[in-house]
>>> print(open('work-v7.tsv').read())   # TSV, C-alpha atoms and all ligand atoms
chain	number	residue	atom	x	y	z
S	1	MET	CA	188.05	46.76	-139.15
S	2	SER	CA	189.12	46.50	-142.71
S	3	ARG	CA	190.12	43.11	-143.98
S	4	ARG	CA	192.80	42.85	-146.63
S	5	ARG	CA	191.46	41.64	-149.95
S	6	ILE	CA	192.73	38.25	-151.11
S	7	ILE	CA	192.48	37.16	-154.74
S	8	ALA	CA	193.65	33.58	-155.27
S	9	GLY	CA	193.96	31.70	-158.53
S	10	ASN	CA	193.29	27.97	-158.47
S	11	TRP	CA	195.18	26.72	-161.50
S	12	LYS	CA	193.85	23.18	-160.94
S	13	MET	CA	195.62	20.57	-163.13
S	14	ASN	CA	196.82	23.09	-165.70
S	15	LYS	CA	200.26	24.30	-166.84
S	16	THR	CA	203.51	22.41	-167.17
S	17	PRO	CA	206.48	24.01	-165.36
S	18	ALA	CA	207.53	25.90	-168.50
S	19	GLU	CA	203.96	27.06	-169.13
S	20	ALA	CA	203.63	28.09	-165.48
S	21	VAL	CA	206.68	30.34	-165.67
S	22	ALA	CA	205.38	31.84	-168.92
S	23	LEU	CA	202.02	32.60	-167.25
S	24	CYS	CA	203.76	34.22	-164.26
S	25	ASN	CA	205.68	36.45	-166.65
S	26	GLU	CA	202.53	37.27	-168.64
S	27	LEU	CA	200.61	38.25	-165.47
S	28	LYS	CA	203.48	39.96	-163.65
S	29	ASP	CA	202.58	43.59	-164.39
S	30	LEU	CA	198.83	42.96	-164.58
S	31	VAL	CA	198.49	41.69	-160.99
S	32	LYS	CA	200.40	44.52	-159.31
S	33	ASN	CA	198.35	45.93	-156.44
S	34	ASP	CA	199.86	46.63	-153.02
S	35	ALA	CA	196.43	46.59	-151.36
S	36	VAL	CA	195.64	43.01	-152.35
S	37	ASP	CA	197.08	39.63	-151.40
S	38	VAL	CA	197.51	37.79	-154.69
S	39	VAL	CA	198.00	34.02	-154.52
S	40	TYR	CA	198.72	31.45	-157.24
S	41	CYS	CA	197.65	27.97	-156.13
S	42	VAL	CA	199.56	25.87	-158.60
S	43	PRO	CA	200.10	22.15	-159.33
S	44	SER	CA	202.76	20.61	-157.05
S	45	ILE	CA	205.23	20.13	-159.90
S	46	ASP	CA	205.08	23.88	-160.63
S	47	ILE	CA	205.64	25.14	-157.08
S	48	VAL	CA	209.42	25.48	-157.17
S	49	CYS	CA	209.59	27.27	-160.51
S	50	VAL	CA	206.60	29.52	-159.73
S	51	ALA	CA	208.11	30.46	-156.34
S	52	ASP	CA	211.23	31.47	-158.23
S	53	ALA	CA	209.33	33.31	-160.97
S	54	VAL	CA	207.31	35.46	-158.51
S	55	LYS	CA	210.23	36.28	-156.19
S	56	GLY	CA	210.28	40.01	-155.41
S	57	THR	CA	206.68	40.53	-156.58
S	58	ASN	CA	203.41	40.84	-154.64
S	59	VAL	CA	202.41	37.27	-155.55
S	60	HIS	CA	202.26	34.54	-152.89
S	61	VAL	CA	202.47	30.84	-153.70
S	62	GLY	CA	199.76	28.36	-152.75
S	63	ALA	CA	199.28	24.64	-153.20
S	64	GLN	CA	196.11	22.71	-153.99
S	65	ASN	CA	196.58	19.61	-151.88
S	66	PHE	CA	198.75	17.83	-149.34
S	67	TYR	CA	198.61	14.90	-146.92
S	68	ILE	CA	198.47	15.11	-143.13
S	69	GLU	CA	201.68	13.16	-142.38
S	70	ASP	CA	205.16	14.70	-142.64
S	71	LYS	CA	206.73	11.77	-144.49
S	72	GLY	CA	206.52	8.05	-145.02
S	73	ALA	CA	204.78	5.39	-147.06
S	74	PHE	CA	202.08	7.48	-148.68
S	75	THR	CA	202.64	6.91	-152.38
S	76	GLY	CA	201.70	9.84	-154.55
S	77	GLU	CA	201.28	12.33	-151.72
S	78	ILE	CA	203.13	15.50	-150.78
S	79	SER	CA	203.65	16.81	-147.23
S	80	ALA	CA	203.32	20.17	-145.51
S	81	PRO	CA	207.09	20.42	-144.74
S	82	MET	CA	207.81	19.78	-148.43
S	83	LEU	CA	205.43	22.57	-149.44
S	84	LYS	CA	206.82	24.98	-146.83
S	85	GLU	CA	210.41	24.45	-147.88
S	86	ALA	CA	209.44	25.05	-151.52
S	87	GLY	CA	207.97	28.46	-150.64
S	88	VAL	CA	204.25	27.71	-150.24
S	89	GLU	CA	202.25	29.98	-147.91
S	90	TYR	CA	198.62	29.08	-148.66
S	91	ILE	CA	196.94	25.72	-149.10
S	92	ILE	CA	193.51	25.03	-150.58
S	93	ILE	CA	191.64	22.51	-148.42
S	94	GLY	CA	188.22	20.97	-149.04
S	95	HIS	CA	187.74	22.06	-152.64
S	96	SER	CA	184.59	20.43	-154.04
S	97	GLU	CA	186.66	18.63	-156.69
S	98	ARG	CA	188.69	16.95	-153.94
S	99	ARG	CA	185.55	16.16	-152.00
S	100	ASP	CA	183.61	14.81	-154.99
S	101	ILE	CA	186.24	13.26	-157.28
S	102	PHE	CA	188.77	12.11	-154.65
S	103	GLY	CA	186.34	11.26	-151.85
S	104	GLU	CA	187.72	13.62	-149.19
S	105	ASN	CA	185.34	13.89	-146.25
S	106	ASP	CA	185.02	16.45	-143.47
S	107	ILE	CA	187.05	14.30	-141.04
S	108	LEU	CA	190.07	14.37	-143.35
S	109	ILE	CA	189.48	18.01	-144.22
S	110	ASN	CA	189.44	18.92	-140.53
S	111	ALA	CA	192.69	16.99	-140.02
S	112	LYS	CA	194.21	18.89	-142.96
S	113	VAL	CA	193.18	22.25	-141.51
S	114	LYS	CA	194.84	21.30	-138.20
S	115	LYS	CA	197.98	20.05	-139.94
S	116	ALA	CA	198.20	23.17	-142.11
S	117	PHE	CA	198.13	25.45	-139.07
S	118	ALA	CA	200.59	23.26	-137.19
S	119	SER	CA	202.93	23.51	-140.20
S	120	GLY	CA	202.66	27.25	-140.74
S	121	LEU	CA	200.54	27.05	-143.89
S	122	LYS	CA	197.46	29.25	-144.23
S	123	PRO	CA	194.39	27.25	-145.21
S	124	ILE	CA	191.92	28.42	-147.83
S	125	LEU	CA	189.01	26.27	-146.65
S	126	CYS	CA	186.35	25.68	-149.29
S	127	CYS	CA	182.68	25.01	-148.67
S	128	GLY	CA	179.61	25.10	-150.86
S	129	GLU	CA	176.42	23.37	-151.86
S	130	SER	CA	175.34	21.32	-154.87
S	131	LEU	CA	172.59	22.47	-157.21
S	132	SER	CA	170.12	20.02	-155.65
S	133	LEU	CA	170.75	21.42	-152.16
S	134	ARG	CA	170.36	24.95	-153.52
S	135	LYS	CA	167.06	23.98	-155.13
S	136	ALA	CA	165.88	22.16	-152.01
S	137	GLY	CA	166.55	25.29	-149.98
S	138	THR	CA	168.74	23.47	-147.44
S	139	TYR	CA	172.04	25.03	-148.54
S	140	LYS	CA	172.47	27.19	-145.43
S	141	GLU	CA	172.27	24.22	-143.08
S	142	TRP	CA	174.66	22.26	-145.33
S	143	ILE	CA	177.29	24.98	-145.33
S	144	ALA	CA	176.99	25.52	-141.57
S	145	ARG	CA	177.49	21.79	-141.05
S	146	GLN	CA	180.58	21.75	-143.29
S	147	ILE	CA	182.16	24.69	-141.44
S	148	LYS	CA	181.44	23.22	-138.01
S	149	TRP	CA	182.99	19.88	-138.94
S	150	ASP	CA	185.97	21.38	-140.74
S	151	LEU	CA	186.83	23.79	-137.91
S	152	ASP	CA	186.37	21.34	-135.05
S	153	GLY	CA	189.23	21.95	-132.57
S	154	ILE	CA	190.51	25.05	-134.40
S	155	THR	CA	191.19	28.03	-132.12
S	156	ALA	CA	189.94	31.60	-132.53
S	157	ASP	CA	193.50	32.82	-133.14
S	158	GLN	CA	193.83	30.31	-135.95
S	159	VAL	CA	190.49	31.27	-137.49
S	160	LYS	CA	191.69	34.88	-137.60
S	161	GLU	CA	194.39	33.68	-140.04
S	162	LEU	CA	191.99	31.50	-142.01
S	163	VAL	CA	190.51	32.16	-145.43
S	164	ILE	CA	187.12	30.58	-146.13
S	165	ALA	CA	186.03	30.26	-149.76
S	166	TYR	CA	182.31	29.97	-150.41
S	167	GLU	CA	182.05	28.08	-153.69
S	168	PRO	CA	178.59	26.96	-154.78
S	169	ILE	CA	179.33	23.80	-156.78
S	170	TRP	CA	176.75	24.73	-159.41
S	171	ALA	CA	178.78	27.85	-160.21
S	172	ILE	CA	182.23	26.23	-160.49
S	173	GLY	CA	183.50	26.02	-164.04
S	174	THR	CA	179.95	26.34	-165.38
S	175	GLY	CA	179.96	29.98	-166.41
S	176	GLU	CA	176.96	30.39	-164.11
S	177	THR	CA	177.90	32.81	-161.32
S	178	ALA	CA	175.95	33.25	-158.13
S	179	THR	CA	174.46	36.73	-158.09
S	180	ALA	CA	176.24	39.16	-155.84
S	181	ASP	CA	173.26	39.01	-153.48
S	182	GLN	CA	173.28	35.20	-153.39
S	183	ALA	CA	177.03	35.21	-152.69
S	184	GLN	CA	176.70	37.89	-150.02
S	185	GLU	CA	173.86	36.02	-148.31
S	186	VAL	CA	176.04	32.96	-147.74
S	187	CYS	CA	179.26	34.85	-146.97
S	188	GLY	CA	177.34	36.88	-144.38
S	189	LEU	CA	175.91	33.69	-142.94
S	190	ILE	CA	179.41	32.20	-142.66
S	191	ARG	CA	180.65	35.29	-140.81
S	192	GLN	CA	177.68	35.09	-138.44
S	193	LEU	CA	178.39	31.42	-137.86
S	194	ILE	CA	182.02	32.24	-136.96
S	195	ALA	CA	180.73	34.88	-134.53
S	196	ASP	CA	178.46	32.26	-132.93
S	197	MET	CA	181.19	29.59	-132.81
S	198	TYR	CA	183.93	31.98	-131.61
S	199	ASP	CA	183.37	35.70	-131.02
S	200	ALA	CA	182.78	38.99	-132.83
S	201	ALA	CA	186.48	39.84	-133.19
S	202	THR	CA	187.20	36.50	-134.86
S	203	ALA	CA	184.27	36.94	-137.24
S	204	GLU	CA	185.54	40.43	-138.11
S	205	ALA	CA	189.01	39.11	-138.87
S	206	VAL	CA	188.30	35.96	-140.90
S	207	ARG	CA	188.55	36.54	-144.64
S	208	ILE	CA	185.79	35.11	-146.80
S	209	GLN	CA	186.09	34.65	-150.55
S	210	TYR	CA	183.52	33.91	-153.18
S	211	GLY	CA	184.40	31.39	-155.89
S	212	GLY	CA	182.46	30.17	-158.90
S	213	SER	CA	182.92	31.58	-162.41
S	214	MET	CA	184.23	34.88	-161.11
S	215	ASN	CA	185.60	36.87	-164.03
S	216	ALA	CA	186.68	40.34	-165.12
S	217	GLY	CA	183.05	41.28	-165.79
S	218	ASN	CA	181.44	40.30	-162.50
S	219	ALA	CA	184.29	40.67	-159.99
S	220	ALA	CA	183.73	44.30	-159.05
S	221	GLU	CA	180.09	43.76	-158.08
S	222	LEU	CA	180.82	40.61	-156.10
S	223	LEU	CA	183.76	42.23	-154.32
S	224	SER	CA	181.69	45.30	-153.42
S	225	LYS	CA	179.63	43.21	-150.99
S	226	PRO	CA	180.42	43.73	-147.29
S	227	ASP	CA	181.20	40.12	-146.42
S	228	ILE	CA	183.08	39.19	-149.61
S	229	ASP	CA	186.78	39.82	-148.99
S	230	GLY	CA	188.13	38.29	-152.15
S	231	GLY	CA	187.82	35.56	-154.72
S	232	LEU	CA	189.00	32.05	-155.47
S	233	ILE	CA	189.24	31.92	-159.22
S	234	GLY	CA	189.61	28.89	-161.45
S	235	GLY	CA	189.31	29.37	-165.21
S	236	ALA	CA	189.93	33.13	-165.26
S	237	SER	CA	193.14	32.78	-163.21
S	238	LEU	CA	194.89	31.35	-166.27
S	239	LYS	CA	194.30	34.43	-168.40
S	240	PRO	CA	195.26	38.11	-168.43
S	241	ASP	CA	191.72	38.70	-167.11
S	242	PHE	CA	193.07	37.67	-163.71
S	243	GLY	CA	194.79	41.04	-163.50
S	244	LYS	CA	191.45	42.76	-163.99
S	245	ILE	CA	189.98	40.75	-161.10
S	246	VAL	CA	192.93	41.67	-158.84
S	247	ASN	CA	192.35	45.33	-159.66
S	248	ALA	CA	188.51	45.23	-159.71
B	301	LIG	C1	187.34	26.92	-158.43
B	301	LIG	O1	187.62	25.84	-158.92
B	301	LIG	O2	187.70	27.17	-157.28
B	301	LIG	C2	186.60	27.89	-159.23
B	301	LIG	C3	186.00	28.86	-158.63
B	301	LIG	O3	186.57	27.67	-160.59
B	301	LIG	P1	185.93	28.64	-161.71
B	301	LIG	O4	186.36	30.04	-161.39
B	301	LIG	O5	186.48	28.13	-163.00
B	301	LIG	O6	184.45	28.49	-161.60
>>> encode(input="work-v7.tsv", output="structure tokens")
Amino acid sequence: MSRRRIIAGNWKMNKTPAEAVALCNELKDLVKNDAVDVVYCVPSIDIVCVADAVKGTNVHVGAQNFYIEDKGAFTGEISAPMLKEAGVEYIIIGHSERRDIFGENDILINAKVKKAFASGLKPILCCGESLSLRKAGTYKEWIARQIKWDLDGITADQVKELVIAYEPIWAIGTGETATADQAQEVCGLIRQLIADMYDAATAEAVRIQYGGSMNAGNAAELLSKPDIDGGLIGGASLKPDFGKIVNA
């Protein structure tokens, strides 16, 4: 079975609405590739204008965060129905910056995965180990534990629509990329875990990305690995280089 490649940019807290539209226009021709799902995960304030700017292109819109309730007294939050109506298809859940800076734990992340599916949003579920866990050699157990918690109560049919991003924290924004073999080892382990938790068909279908300082120079090697179906890209998603990653 061949899985469709998915290259997603995580713009993080970058680009005002006007800058976001300018970036969409700059990247428009560079990211053309009918064989790849291209996603821009943009700041909430940019969603409406980016959805408009990419209309009629191969680019899908993603968000970086939401809350699990539809509406109400949750100051500062944004809901899944709001994102859907604005044109969002994908939602990043469990990014290490949300876990570490904003204190999101696996219970909330699991609730977000459930809410995303219930709302018709496709989760990009992030997992990954710190440098100390990598050095201690316990990173495989850590990642397996994250996935088991985060997917508790999620059905096989839902997992088939899921994207999992393996993002070693020590490689995010540091310029230090996991080697293609290191990335493949963990992405392969995640696929095996999904086979154990669900079945072989579900493991075959789930798309697994690598994220962590992926750039125009290292993308082709990382993406050549059998269990790496795409990338979640931070810094390089804000530059013309992103087009080179899409077409790597
Ligand atoms: C990320 O934040 O998801 C990421 C992978 O960032 P960068 O590409 O900048 O390391």
>>> closest_atom_pairs(input="work-v7.tsv", of="chain S", to="ligand LIG 301 (chain B)", cutoff="8 Å", atoms="all atoms listed in the file", output="tab-separated table")
residue	atom	partner	partner_atom	distance
S:Gly9	CA	B:LIG301	O2	7.8
S:Asn10	CA	B:LIG301	O2	5.8
S:Lys12	CA	B:LIG301	O1	7.1
S:His95	CA	B:LIG301	O2	6.9
S:Ser96	CA	B:LIG301	O1	7.9
S:Glu97	CA	B:LIG301	O1	7.6
S:Glu167	CA	B:LIG301	C3	6.4
S:Ala171	CA	B:LIG301	O6	5.9
S:Ile172	CA	B:LIG301	O6	3.4
S:Gly173	CA	B:LIG301	O6	3.6
S:Thr174	CA	B:LIG301	O6	6.3
S:Gly175	CA	B:LIG301	O6	6.7
S:Thr177	CA	B:LIG301	O6	7.9
S:Tyr210	CA	B:LIG301	C3	7.8
S:Gly211	CA	B:LIG301	C3	4.1
S:Gly212	CA	B:LIG301	O6	3.8
S:Ser213	CA	B:LIG301	O6	3.5
S:Met214	CA	B:LIG301	O4	5.3
S:Asn215	CA	B:LIG301	O4	7.4
S:Gly231	CA	B:LIG301	C3	8.0
S:Leu232	CA	B:LIG301	O2	5.4
S:Ile233	CA	B:LIG301	O4	4.1
S:Gly234	CA	B:LIG301	O3	3.4
S:Gly235	CA	B:LIG301	O5	3.8
S:Ala236	CA	B:LIG301	O4	6.1
S:Ser237	CA	B:LIG301	O4	7.5
>>> residues_around(input="work-v7.tsv", residues="range 47-63 of chain S", least_positions_apart="4", cutoff="8 Å", atoms="all atoms listed in the file", output="PyMOL selection string")
chain S and resi 17+20-21+24-25+28+32-34+37-43+83+86-92
>>> residues_around(input="work-v7.tsv", residues="Tyr139 in chain S", least_positions_apart="3", cutoff="12 Å", atoms="only C-alpha atoms", output="JSON, numbers by chain")
{"S": [127, 128, 129, 130, 131, 132, 133, 134, 135, 136, 142, 143, 144, 145, 146, 166, 167, 168, 169, 170, 182, 185, 186, 189, 190]}
>>> residues_around(input="work-v7.tsv", residues="Ser79 in chain S", least_positions_apart="5", cutoff="10 Å", atoms="all atoms listed in the file", output="list in words")
Asn65, Phe66, Tyr67, Ile68, Glu69, Asp70, Lys71, Gly72, Phe74, Lys84, Lys115, Ala116 and Ser119 of chain S
>>> closest_residue(input="work-v7.tsv", among="S:Ser2, S:Thr138, S:Gln192, S:Gln64", to="Pro123 in chain S", atoms="only C-alpha atoms")
S:Gln64
>>> residues_near_point(input="work-v7.tsv", point="(196.3, 43.6, -144.2)", cutoff="9 Å", atoms="only C-alpha atoms", output="ChimeraX atom specification")
/S:2-5,35-37
>>> atom_distance(input="work-v7.tsv", atom1="CA of Leu193 in chain S", atom2="CA of Pro226 in chain S")
15.6 Å
>>> residues_around(input="work-v7.tsv", residues="Ile107 in chain S", least_positions_apart="2", cutoff="12 Å", atoms="all atoms listed in the file", output="ChimeraX atom specification")
/S:68,93-94,99,103-105,109-114,146-153
